[in-house]
Amino acid sequence: MTILQIDLNKLEKNYHSLRKRLNPHSKMIGVIKANAYGGVSGPIAERLVEMGIEALAVAYTEEGVQLRKLGIKIPLLVFYPQVQNFRPLIHNDLEPVLYSKLSWVKFKEALVEEKQSDYPIHIKYNTGLNRIGFHPEETDWVLEQLKDSSFKLKTIYSHLAQTEVPKPNEDTENQISLFHQIMQKHNRALKHKPEYHLLNTSGVFNYPEFHLDWVRIGIGLYGFANHPKWNKTLNPIAQLKTKITQIHKVKSGETVGYNCGWRAKKDTRIAVLPIGHADGYSRQYGHGKGWVLVNGKKANVIGNVCMDMVMVDIGKIPCDEESEVVMIGSGIRADELAENAGTISYELLSSLGNRIPRVLKT
Ligand SMILES: *Cc1c(COP(=O)(O)O)cnc(C)c1O
């Protein structure tokens, strides 16, 4: 059977390693959206809280509601709150990121209806990623709204488009300088200087001079930093393991899988593994783009990945039905496997489906 083992001791090590790197006055938002990048958000959140993380963040309100149900009590940001869910957001003490005039107006309406005041909010500016965020020209409008006692401004932030690209990088510098201007405007206009943040994991490594008041760390906690040198300071926490369901001997010329996706060039043995594209092991890993380790030896994925099964060429590797197979983990880095298949560790990890049981190593 297939399991995803999550090593909370490694999570702890990554946390300490990242913390040591931070400017001593910077606080950490642990990003645990998408089930902590395909892991298991409850236990990961609990461990981060135990270790003293100052805040957590999810993408959507529903994810935050679930964490509150699990008893997570520390500040919990919702990066991409949808206006339809502002009431459950308020009922669960979640902190929204407001990013547009519409989101602001709708949130204000929700606060009035729920008879709330001084409600903690975060504001996001778009400095060039062109995803979500107020346009810098809307700063005056935002500052005007902040006079309203419905809101308690906690932080102001922006998100960079390519923090992993080696310095110097003009696009990133432009984004940073735009954010500086936004900071200055807020500092001048507001009685209490707000707190600011800009960096994700690779930004923390690449731009130590901009750690500011907070950093937002996701993938780093899970062991990746988007650069070989930075990766060395971290340990991947997830191992995807399975067991061989069946072994076939195939003769030269025989085909394997749907659409006869692979044809044996010589007599060989193939192993069938119980995981497929429905589990997030997508078709991108077919045709040798993916590989697994059987008794420490590399076996390539052959042909097309099926919905529930995948076949690998085991040649003469000593193994039997029920032998253990490592699909991601020691010896197979998620970032290398993903890159080979034309994607990134973020996608590979966060796509791992909920048919795969999560097993904690504590
Ligand atoms: C997901 C996310 C992060 C975390 O990025 P990592 O590269 O995983 O550290 C930070 N900020 C925002 C706005 C995000 O959506």
# chains A, B, ... in the order shown; residues from 1 in each chain; ligands from 1

$ residues_around --residues "Phe224 of chain A" --least-positions-apart "6" --cutoff "12 Å" --atoms "only C-alpha atoms" --output "short mmCIF file (atom, residue, chain, number, x, y, z; two decimals) with C-alpha atoms, in the first residue's frame"
data_model
loop_
_atom_site.label_atom_id
_atom_site.label_comp_id
_atom_site.auth_asym_id
_atom_site.auth_seq_id
_atom_site.Cartn_x
_atom_site.Cartn_y
_atom_site.Cartn_z
CA LYS A 10 12.56 17.25 10.20
CA LEU A 11 9.89 19.94 10.18
CA ASN A 14 13.76 23.14 9.14
CA TYR A 15 11.94 25.58 11.37
CA LEU A 18 15.04 29.03 8.90
CA TYR A 37 1.70 21.53 0.67
CA GLU A 164 14.75 32.42 -6.45
CA ASN A 200 8.57 33.86 0.73
CA THR A 201 11.06 31.03 1.35
CA SER A 202 13.56 31.72 -1.42
CA PHE A 205 17.58 33.25 1.43
CA ILE A 217 7.51 30.72 4.73
CA GLY A 218 5.86 27.74 3.09
CA TRP A 230 19.85 26.80 0.03
CA ASN A 231 18.34 23.29 -0.12
CA LYS A 232 21.38 21.99 1.76
CA THR A 233 20.24 23.79 4.91
CA LEU A 234 16.88 21.97 4.91
CA ASN A 235 15.46 18.43 4.97
CA PRO A 236 12.46 17.26 2.93
CA ILE A 237 9.85 16.09 5.44
CA ALA A 238 7.73 13.92 3.12
CA ARG A 333 14.02 14.59 -4.35
CA ALA A 334 10.58 15.96 -5.18
CA ASP A 335 12.13 19.03 -6.82
CA GLU A 336 14.35 16.95 -9.13
CA ILE A 344 7.91 22.14 -9.72
CA SER A 345 8.04 20.59 -6.25
CA TYR A 346 5.10 22.76 -5.16
CA LEU A 349 3.70 17.76 -3.37
#

$ select_by_dssp --residues "segment 148-299 of chain A" --states "helix (DSSP H, G or I)" --output "ChimeraX atom specification"
/A:170-189,201-206,208-210,219-222,228-231,258-260,277-279,283-285

$ residues_around --residues "segment 111-128 of chain A" --least-positions-apart "6" --cutoff "6 Å" --atoms "only C-alpha atoms" --output "PyMOL selection string"
chain A and resi 95-99+134-135+149-158+175

$ closest_residue --among "A:His197, A:Arg47, A:Arg21, A:Lys69" --to "ligand 1" --atoms "only C-alpha atoms and all ligand atoms"
A:His197

$ closest_residue --among "A:Lys106, A:Lys297, A:Arg216, A:His91" --to "ligand 1" --atoms "only C-alpha atoms and all ligand atoms"
A:Arg216

$ atom_distance --atom1 "atom CA of Arg19 of chain A" --atom2 "atom CA of Leu77 of chain A"
19.7 Å

$ closest_atom_pairs --of "segment 193-286 of chain A" --to "segment 305-326 of chain A" --cutoff "8 Å" --atoms "only C-alpha atoms" --output "CSV"
residue,atom,partner,partner_atom,distance
A:Gln239,CA,A:Val326,CA,7.5
A:Leu240,CA,A:Val326,CA,6.2
A:Lys241,CA,A:Val326,CA,4.6
A:Thr242,CA,A:Val325,CA,5.2
A:Lys243,CA,A:Glu324,CA,4.5
A:Ile244,CA,A:Glu322,CA,4.8
A:Thr245,CA,A:Glu321,CA,5.8
A:Gln246,CA,A:Glu321,CA,5.3
A:Ile247,CA,A:Glu321,CA,6.1
A:Val256,CA,A:Met311,CA,7.8
A:Gly257,CA,A:Met311,CA,7.7
A:Tyr258,CA,A:Cys306,CA,7.5
A:Thr268,CA,A:Gly315,CA,5.0
A:Arg269,CA,A:Gly315,CA,5.0
A:Ile270,CA,A:Asp313,CA,4.5
A:Ala271,CA,A:Val312,CA,5.3
A:Val272,CA,A:Met311,CA,4.5
A:Leu273,CA,A:Val310,CA,5.3
A:Pro274,CA,A:Met309,CA,4.8
A:Ile275,CA,A:Met309,CA,4.7
A:Gly276,CA,A:Asp308,CA,4.0
A:His277,CA,A:Met307,CA,4.7
A:Ala278,CA,A:Met307,CA,5.1
A:Asp279,CA,A:Asp308,CA,7.3
A:Tyr281,CA,A:Val305,CA,7.8
A:Ser282,CA,A:Val305,CA,6.9
A:Arg283,CA,A:Val305,CA,5.1
A:Tyr285,CA,A:Val305,CA,7.1
A:Gly286,CA,A:Val305,CA,5.3

$ write_last_selection --atoms "N, CA and C atoms" --output "PDB file, in the first residue's frame"
ATOM      1  N   GLN A 239       8.010  11.583   2.662  1.00  0.00           N
ATOM      2  CA  GLN A 239       8.470  10.410   1.898  1.00  0.00           C
ATOM      3  C   GLN A 239       7.243   9.689   1.376  1.00  0.00           C
ATOM      4  N   LEU A 240       7.215   9.475   0.066  1.00  0.00           N
ATOM      5  CA  LEU A 240       6.111   8.730  -0.529  1.00  0.00           C
ATOM      6  C   LEU A 240       6.605   7.327  -0.808  1.00  0.00           C
ATOM      7  N   LYS A 241       5.971   6.353  -0.156  1.00  0.00           N
ATOM      8  CA  LYS A 241       6.422   4.967  -0.300  1.00  0.00           C
ATOM      9  C   LYS A 241       5.261   4.079  -0.687  1.00  0.00           C
ATOM     10  N   THR A 242       5.587   3.011  -1.387  1.00  0.00           N
ATOM     11  CA  THR A 242       4.540   2.060  -1.736  1.00  0.00           C
ATOM     12  C   THR A 242       5.127   0.654  -1.766  1.00  0.00           C
ATOM     13  N   LYS A 243       4.288  -0.305  -2.127  1.00  0.00           N
ATOM     14  CA  LYS A 243       4.756  -1.682  -2.248  1.00  0.00           C
ATOM     15  C   LYS A 243       4.325  -2.227  -3.595  1.00  0.00           C
ATOM     16  N   ILE A 244       5.167  -3.070  -4.171  1.00  0.00           N
ATOM     17  CA  ILE A 244       4.851  -3.653  -5.482  1.00  0.00           C
ATOM     18  C   ILE A 244       3.594  -4.516  -5.368  1.00  0.00           C
ATOM     19  N   THR A 245       2.626  -4.253  -6.244  1.00  0.00           N
ATOM     20  CA  THR A 245       1.395  -5.042  -6.244  1.00  0.00           C
ATOM     21  C   THR A 245       1.591  -6.347  -7.017  1.00  0.00           C
ATOM     22  N   GLN A 246       2.261  -6.242  -8.174  1.00  0.00           N
ATOM     23  CA  GLN A 246       2.439  -7.438  -9.012  1.00  0.00           C
ATOM     24  C   GLN A 246       3.669  -7.251  -9.894  1.00  0.00           C
ATOM     25  N   ILE A 247       4.319  -8.383 -10.200  1.00  0.00           N
ATOM     26  CA  ILE A 247       5.464  -8.353 -11.112  1.00  0.00           C
ATOM     27  C   ILE A 247       5.126  -9.219 -12.330  1.00  0.00           C
ATOM     28  N   VAL A 256       3.205  -2.336 -22.726  1.00  0.00           N
ATOM     29  CA  VAL A 256       2.739  -2.155 -21.348  1.00  0.00           C
ATOM     30  C   VAL A 256       1.836  -0.925 -21.281  1.00  0.00           C
ATOM     31  N   GLY A 257       0.649  -1.127 -20.692  1.00  0.00           N
ATOM     32  CA  GLY A 257      -0.218  -0.003 -20.349  1.00  0.00           C
ATOM     33  C   GLY A 257      -1.092   0.489 -21.487  1.00  0.00           C
ATOM     34  N   TYR A 258      -1.926   1.474 -21.136  1.00  0.00           N
ATOM     35  CA  TYR A 258      -2.871   2.051 -22.099  1.00  0.00           C
ATOM     36  C   TYR A 258      -2.158   2.620 -23.321  1.00  0.00           C
ATOM     37  N   THR A 268      12.322  -8.441 -20.084  1.00  0.00           N
ATOM     38  CA  THR A 268      12.551  -7.748 -18.812  1.00  0.00           C
ATOM     39  C   THR A 268      11.462  -8.104 -17.812  1.00  0.00           C
ATOM     40  N   ARG A 269      11.521  -7.470 -16.646  1.00  0.00           N
ATOM     41  CA  ARG A 269      10.458  -7.611 -15.638  1.00  0.00           C
ATOM     42  C   ARG A 269       9.902  -6.214 -15.373  1.00  0.00           C
ATOM     43  N   ILE A 270       8.614  -6.176 -15.178  1.00  0.00           N
ATOM     44  CA  ILE A 270       8.018  -4.886 -14.816  1.00  0.00           C
ATOM     45  C   ILE A 270       7.247  -5.049 -13.505  1.00  0.00           C
ATOM     46  N   ALA A 271       7.207  -3.963 -12.724  1.00  0.00           N
ATOM     47  CA  ALA A 271       6.443  -3.970 -11.474  1.00  0.00           C
ATOM     48  C   ALA A 271       5.275  -3.005 -11.600  1.00  0.00           C
ATOM     49  N   VAL A 272       4.141  -3.423 -11.036  1.00  0.00           N
ATOM     50  CA  VAL A 272       2.940  -2.593 -11.031  1.00  0.00           C
ATOM     51  C   VAL A 272       2.809  -1.992  -9.628  1.00  0.00           C
ATOM     52  N   LEU A 273       2.669  -0.661  -9.554  1.00  0.00           N
ATOM     53  CA  LEU A 273       2.615   0.017  -8.255  1.00  0.00           C
ATOM     54  C   LEU A 273       1.244   0.652  -8.026  1.00  0.00           C
ATOM     55  N   PRO A 274       0.742   0.607  -6.784  1.00  0.00           N
ATOM     56  CA  PRO A 274      -0.625   1.083  -6.505  1.00  0.00           C
ATOM     57  C   PRO A 274      -0.720   2.591  -6.251  1.00  0.00           C
ATOM     58  N   ILE A 275      -0.459   3.354  -7.279  1.00  0.00           N
ATOM     59  CA  ILE A 275      -0.619   4.811  -7.218  1.00  0.00           C
ATOM     60  C   ILE A 275      -0.800   5.281  -8.654  1.00  0.00           C
ATOM     61  N   GLY A 276      -1.578   6.326  -8.855  1.00  0.00           N
ATOM     62  CA  GLY A 276      -1.813   6.761 -10.236  1.00  0.00           C
ATOM     63  C   GLY A 276      -2.119   8.233 -10.312  1.00  0.00           C
ATOM     64  N   HIS A 277      -2.589   8.651 -11.466  1.00  0.00           N
ATOM     65  CA  HIS A 277      -2.772  10.103 -11.624  1.00  0.00           C
ATOM     66  C   HIS A 277      -3.892  10.638 -10.742  1.00  0.00           C
ATOM     67  N   ALA A 278      -4.809   9.765 -10.315  1.00  0.00           N
ATOM     68  CA  ALA A 278      -5.846  10.230  -9.377  1.00  0.00           C
ATOM     69  C   ALA A 278      -5.245  10.562  -8.017  1.00  0.00           C
ATOM     70  N   ASP A 279      -4.061  10.063  -7.751  1.00  0.00           N
ATOM     71  CA  ASP A 279      -3.382  10.364  -6.487  1.00  0.00           C
ATOM     72  C   ASP A 279      -2.421  11.538  -6.624  1.00  0.00           C
ATOM     73  N   TYR A 281      -0.012  11.548  -8.854  1.00  0.00           N
ATOM     74  CA  TYR A 281       1.184  11.112  -9.588  1.00  0.00           C
ATOM     75  C   TYR A 281       0.804  11.182 -11.067  1.00  0.00           C
ATOM     76  N   SER A 282       0.961  12.364 -11.630  1.00  0.00           N
ATOM     77  CA  SER A 282       0.270  12.685 -12.879  1.00  0.00           C
ATOM     78  C   SER A 282       0.921  12.036 -14.100  1.00  0.00           C
ATOM     79  N   ARG A 283       0.244  12.147 -15.210  1.00  0.00           N
ATOM     80  CA  ARG A 283       0.735  11.541 -16.449  1.00  0.00           C
ATOM     81  C   ARG A 283       2.053  12.157 -16.917  1.00  0.00           C
ATOM     82  N   TYR A 285       4.627  12.126 -15.353  1.00  0.00           N
ATOM     83  CA  TYR A 285       5.732  11.271 -14.910  1.00  0.00           C
ATOM     84  C   TYR A 285       5.856   9.999 -15.744  1.00  0.00           C
ATOM     85  N   GLY A 286       4.982   9.857 -16.724  1.00  0.00           N
ATOM     86  CA  GLY A 286       5.038   8.683 -17.595  1.00  0.00           C
ATOM     87  C   GLY A 286       6.233   8.739 -18.547  1.00  0.00           C
TER      88      GLY A 286
END

$ atom_distance --atom1 "atom CA of Val142 of chain A" --atom2 "atom CA of Ala189 of chain A"
10.9 Å

$ select_by_dssp --residues "segment 3-107 of chain A" --states "strand (DSSP E or B)" --output "ChimeraX atom specification"
/A:3-7,27-31,55-58,76-78,95-98

$ atom_distance --atom1 "atom CA of His186 of chain A" --atom2 "atom CA of Lys101 of chain A"
17.3 Å

$ closest_residue --among "A:His227, A:His192, A:Lys73, A:Arg263" --to "ligand 1" --atoms "only C-alpha atoms and all ligand atoms"
A:His227

$ residues_around --residues "Lys361 of chain A" --least-positions-apart "4" --cutoff "8 Å" --atoms "only C-alpha atoms" --output "mmCIF file with N, CA, C and O atoms, in the first residue's frame"
data_model
loop_
_atom_site.group_PDB
_atom_site.id
_atom_site.type_symbol
_atom_site.label_atom_id
_atom_site.label_comp_id
_atom_site.auth_asym_id
_atom_site.auth_seq_id
_atom_site.Cartn_x
_atom_site.Cartn_y
_atom_site.Cartn_z
ATOM 1 N N GLN A 5 4.730 9.492 4.329
ATOM 2 C CA GLN A 5 5.233 9.657 5.682
ATOM 3 C C GLN A 5 5.690 11.106 5.877
ATOM 4 O O GLN A 5 6.433 11.641 5.051
ATOM 5 N N ILE A 6 5.219 11.718 6.957
ATOM 6 C CA ILE A 6 5.574 13.108 7.255
ATOM 7 C C ILE A 6 6.404 13.114 8.535
ATOM 8 O O ILE A 6 5.919 12.711 9.594
ATOM 9 N N ASP A 7 7.633 13.570 8.403
ATOM 10 C CA ASP A 7 8.554 13.543 9.538
ATOM 11 C C ASP A 7 8.539 14.886 10.275
ATOM 12 O O ASP A 7 9.116 15.873 9.811
ATOM 13 N N LEU A 8 7.876 14.899 11.418
ATOM 14 C CA LEU A 8 7.735 16.166 12.159
ATOM 15 C C LEU A 8 9.045 16.598 12.816
ATOM 16 O O LEU A 8 9.222 17.780 13.124
ATOM 17 N N ASN A 9 9.964 15.662 13.026
ATOM 18 C CA ASN A 9 11.280 16.067 13.552
ATOM 19 C C ASN A 9 12.045 16.874 12.512
ATOM 20 O O ASN A 9 12.746 17.824 12.838
#

$ closest_residue --among "A:Gly42, A:Thr362, A:Arg355, A:Met28" --to "Met1 of chain A" --atoms "only C-alpha atoms"
A:Arg355

$ closest_residue --among "A:Ala225, A:Leu352, A:Leu143, A:Met327" --to "Val165 of chain A" --atoms "only C-alpha atoms"
A:Ala225

$ closest_residue --among "A:Met51, A:Ile219, A:Ile176, A:Ile3" --to "ligand 1" --atoms "only C-alpha atoms and all ligand atoms"
A:Ile219

$ residues_around --residues "Val215 of chain A" --least-positions-apart "2" --cutoff "9 Å" --atoms "only C-alpha atoms" --output "ChimeraX atom specification"
/A:22,26-30,196-201,203-204,211-213,217

$ write_last_selection --atoms "N, CA, C and O atoms" --output "PDB file, in the first residue's frame"
ATOM      1  N   LEU A  22      16.799  34.185   9.977  1.00  0.00           N
ATOM      2  CA  LEU A  22      16.001  35.425   9.967  1.00  0.00           C
ATOM      3  C   LEU A  22      16.667  36.526  10.766  1.00  0.00           C
ATOM      4  O   LEU A  22      17.329  36.261  11.773  1.00  0.00           O
ATOM      5  N   SER A  26      12.462  39.732  12.990  1.00  0.00           N
ATOM      6  CA  SER A  26      11.414  39.327  12.051  1.00  0.00           C
ATOM      7  C   SER A  26      10.635  38.147  12.609  1.00  0.00           C
ATOM      8  O   SER A  26      11.201  37.233  13.201  1.00  0.00           O
ATOM      9  N   LYS A  27       9.337  38.203  12.399  1.00  0.00           N
ATOM     10  CA  LYS A  27       8.460  37.121  12.847  1.00  0.00           C
ATOM     11  C   LYS A  27       8.091  36.250  11.654  1.00  0.00           C
ATOM     12  O   LYS A  27       8.251  36.651  10.507  1.00  0.00           O
ATOM     13  N   MET A  28       7.611  35.046  11.953  1.00  0.00           N
ATOM     14  CA  MET A  28       7.367  34.084  10.875  1.00  0.00           C
ATOM     15  C   MET A  28       5.884  33.735  10.737  1.00  0.00           C
ATOM     16  O   MET A  28       5.228  33.375  11.715  1.00  0.00           O
ATOM     17  N   ILE A  29       5.398  33.841   9.507  1.00  0.00           N
ATOM     18  CA  ILE A  29       4.073  33.309   9.158  1.00  0.00           C
ATOM     19  C   ILE A  29       4.337  31.965   8.491  1.00  0.00           C
ATOM     20  O   ILE A  29       5.006  31.904   7.456  1.00  0.00           O
ATOM     21  N   GLY A  30       3.868  30.891   9.086  1.00  0.00           N
ATOM     22  CA  GLY A  30       4.032  29.559   8.491  1.00  0.00           C
ATOM     23  C   GLY A  30       2.886  29.311   7.518  1.00  0.00           C
ATOM     24  O   GLY A  30       1.715  29.363   7.892  1.00  0.00           O
ATOM     25  N   TYR A 196       5.271  45.172   8.119  1.00  0.00           N
ATOM     26  CA  TYR A 196       5.373  44.910   6.685  1.00  0.00           C
ATOM     27  C   TYR A 196       6.029  43.560   6.393  1.00  0.00           C
ATOM     28  O   TYR A 196       6.854  43.094   7.176  1.00  0.00           O
ATOM     29  N   HIS A 197       5.683  42.990   5.237  1.00  0.00           N
ATOM     30  CA  HIS A 197       6.393  41.792   4.769  1.00  0.00           C
ATOM     31  C   HIS A 197       6.353  41.670   3.260  1.00  0.00           C
ATOM     32  O   HIS A 197       5.481  42.232   2.597  1.00  0.00           O
ATOM     33  N   LEU A 198       7.338  40.913   2.763  1.00  0.00           N
ATOM     34  CA  LEU A 198       7.564  40.856   1.321  1.00  0.00           C
ATOM     35  C   LEU A 198       8.008  39.467   0.857  1.00  0.00           C
ATOM     36  O   LEU A 198       7.790  39.103  -0.287  1.00  0.00           O
ATOM     37  N   LEU A 199       8.648  38.695   1.740  1.00  0.00           N
ATOM     38  CA  LEU A 199       9.397  37.529   1.256  1.00  0.00           C
ATOM     39  C   LEU A 199       8.764  36.172   1.546  1.00  0.00           C
ATOM     40  O   LEU A 199       8.250  35.937   2.644  1.00  0.00           O
ATOM     41  N   ASN A 200       8.888  35.283   0.561  1.00  0.00           N
ATOM     42  CA  ASN A 200       8.570  33.864   0.730  1.00  0.00           C
ATOM     43  C   ASN A 200       9.883  33.133   1.042  1.00  0.00           C
ATOM     44  O   ASN A 200      10.905  33.760   1.332  1.00  0.00           O
ATOM     45  N   THR A 201       9.879  31.801   0.960  1.00  0.00           N
ATOM     46  CA  THR A 201      11.064  31.032   1.353  1.00  0.00           C
ATOM     47  C   THR A 201      12.321  31.466   0.600  1.00  0.00           C
ATOM     48  O   THR A 201      13.320  31.855   1.222  1.00  0.00           O
ATOM     49  N   GLY A 203      12.948  34.037  -1.051  1.00  0.00           N
ATOM     50  CA  GLY A 203      13.245  35.437  -0.762  1.00  0.00           C
ATOM     51  C   GLY A 203      14.025  35.588   0.529  1.00  0.00           C
ATOM     52  O   GLY A 203      14.930  36.430   0.627  1.00  0.00           O
ATOM     53  N   VAL A 204      13.693  34.773   1.519  1.00  0.00           N
ATOM     54  CA  VAL A 204      14.404  34.841   2.804  1.00  0.00           C
ATOM     55  C   VAL A 204      15.890  34.539   2.592  1.00  0.00           C
ATOM     56  O   VAL A 204      16.752  35.167   3.190  1.00  0.00           O
ATOM     57  N   HIS A 211      14.052  41.222   5.205  1.00  0.00           N
ATOM     58  CA  HIS A 211      13.203  40.371   6.054  1.00  0.00           C
ATOM     59  C   HIS A 211      12.086  41.182   6.726  1.00  0.00           C
ATOM     60  O   HIS A 211      11.052  40.615   7.082  1.00  0.00           O
ATOM     61  N   LEU A 212      12.299  42.483   6.903  1.00  0.00           N
ATOM     62  CA  LEU A 212      11.274  43.389   7.451  1.00  0.00           C
ATOM     63  C   LEU A 212      10.683  42.839   8.761  1.00  0.00           C
ATOM     64  O   LEU A 212      11.393  42.218   9.544  1.00  0.00           O
ATOM     65  N   ASP A 213       9.376  43.075   8.995  1.00  0.00           N
ATOM     66  CA  ASP A 213       8.781  42.669  10.275  1.00  0.00           C
ATOM     67  C   ASP A 213       8.353  41.209  10.285  1.00  0.00           C
ATOM     68  O   ASP A 213       8.295  40.566  11.327  1.00  0.00           O
ATOM     69  N   ILE A 217       6.749  31.898   5.158  1.00  0.00           N
ATOM     70  CA  ILE A 217       7.509  30.719   4.734  1.00  0.00           C
ATOM     71  C   ILE A 217       6.602  29.505   4.576  1.00  0.00           C
ATOM     72  O   ILE A 217       5.915  29.092   5.506  1.00  0.00           O
TER      73      ILE A 217
END

$ decode --residues "segment 328-335 of chain A" --atoms "all heavy atoms" --output "compact mmCIF listing (two decimals), in the first residue's frame"
# COMPACT_ATOMS: atom_id res chain seq x y z
N ILE A 328 9.08 9.18 -3.56
CA ILE A 328 9.64 10.50 -3.25
C ILE A 328 10.27 10.35 -1.87
O ILE A 328 9.68 9.72 -0.99
CB ILE A 328 8.54 11.59 -3.14
CG1 ILE A 328 7.79 11.77 -4.45
CG2 ILE A 328 9.15 12.92 -2.69
CD1 ILE A 328 6.61 12.74 -4.35
N GLY A 329 11.46 10.89 -1.68
CA GLY A 329 12.06 10.82 -0.36
C GLY A 329 13.54 10.58 -0.48
O GLY A 329 14.17 11.13 -1.39
N SER A 330 14.11 9.76 0.42
CA SER A 330 15.55 9.61 0.36
C SER A 330 15.97 8.99 -0.97
O SER A 330 15.49 7.94 -1.36
CB SER A 330 16.07 8.78 1.54
OG SER A 330 15.19 7.76 1.84
N GLY A 331 16.82 9.72 -1.67
CA GLY A 331 17.26 9.25 -2.98
C GLY A 331 16.45 9.78 -4.14
O GLY A 331 16.88 9.73 -5.28
N ILE A 332 15.25 10.27 -3.88
CA ILE A 332 14.46 10.90 -4.95
C ILE A 332 13.90 12.21 -4.42
O ILE A 332 12.94 12.22 -3.65
CB ILE A 332 13.27 10.02 -5.41
CG1 ILE A 332 13.74 8.64 -5.83
CG2 ILE A 332 12.55 10.70 -6.56
CD1 ILE A 332 12.67 7.81 -6.51
N ARG A 333 14.51 13.29 -4.81
CA ARG A 333 14.02 14.59 -4.35
C ARG A 333 12.79 15.01 -5.17
O ARG A 333 12.78 14.89 -6.40
CB ARG A 333 15.11 15.65 -4.52
CG ARG A 333 16.31 15.49 -3.57
CD ARG A 333 17.27 16.65 -3.77
NE ARG A 333 16.60 17.93 -3.56
CZ ARG A 333 16.53 18.55 -2.38
NH1 ARG A 333 17.10 18.03 -1.32
NH2 ARG A 333 15.89 19.70 -2.27
N ALA A 334 11.80 15.53 -4.48
CA ALA A 334 10.58 15.96 -5.18
C ALA A 334 10.88 17.05 -6.20
O ALA A 334 10.28 17.09 -7.28
CB ALA A 334 9.55 16.46 -4.16
N ASP A 335 11.86 17.94 -5.87
CA ASP A 335 12.13 19.03 -6.82
C ASP A 335 12.80 18.50 -8.09
O ASP A 335 12.51 18.97 -9.19
CB ASP A 335 12.92 20.16 -6.17
CG ASP A 335 14.13 19.72 -5.36
OD1 ASP A 335 14.44 18.51 -5.36
OD2 ASP A 335 14.76 20.58 -4.72
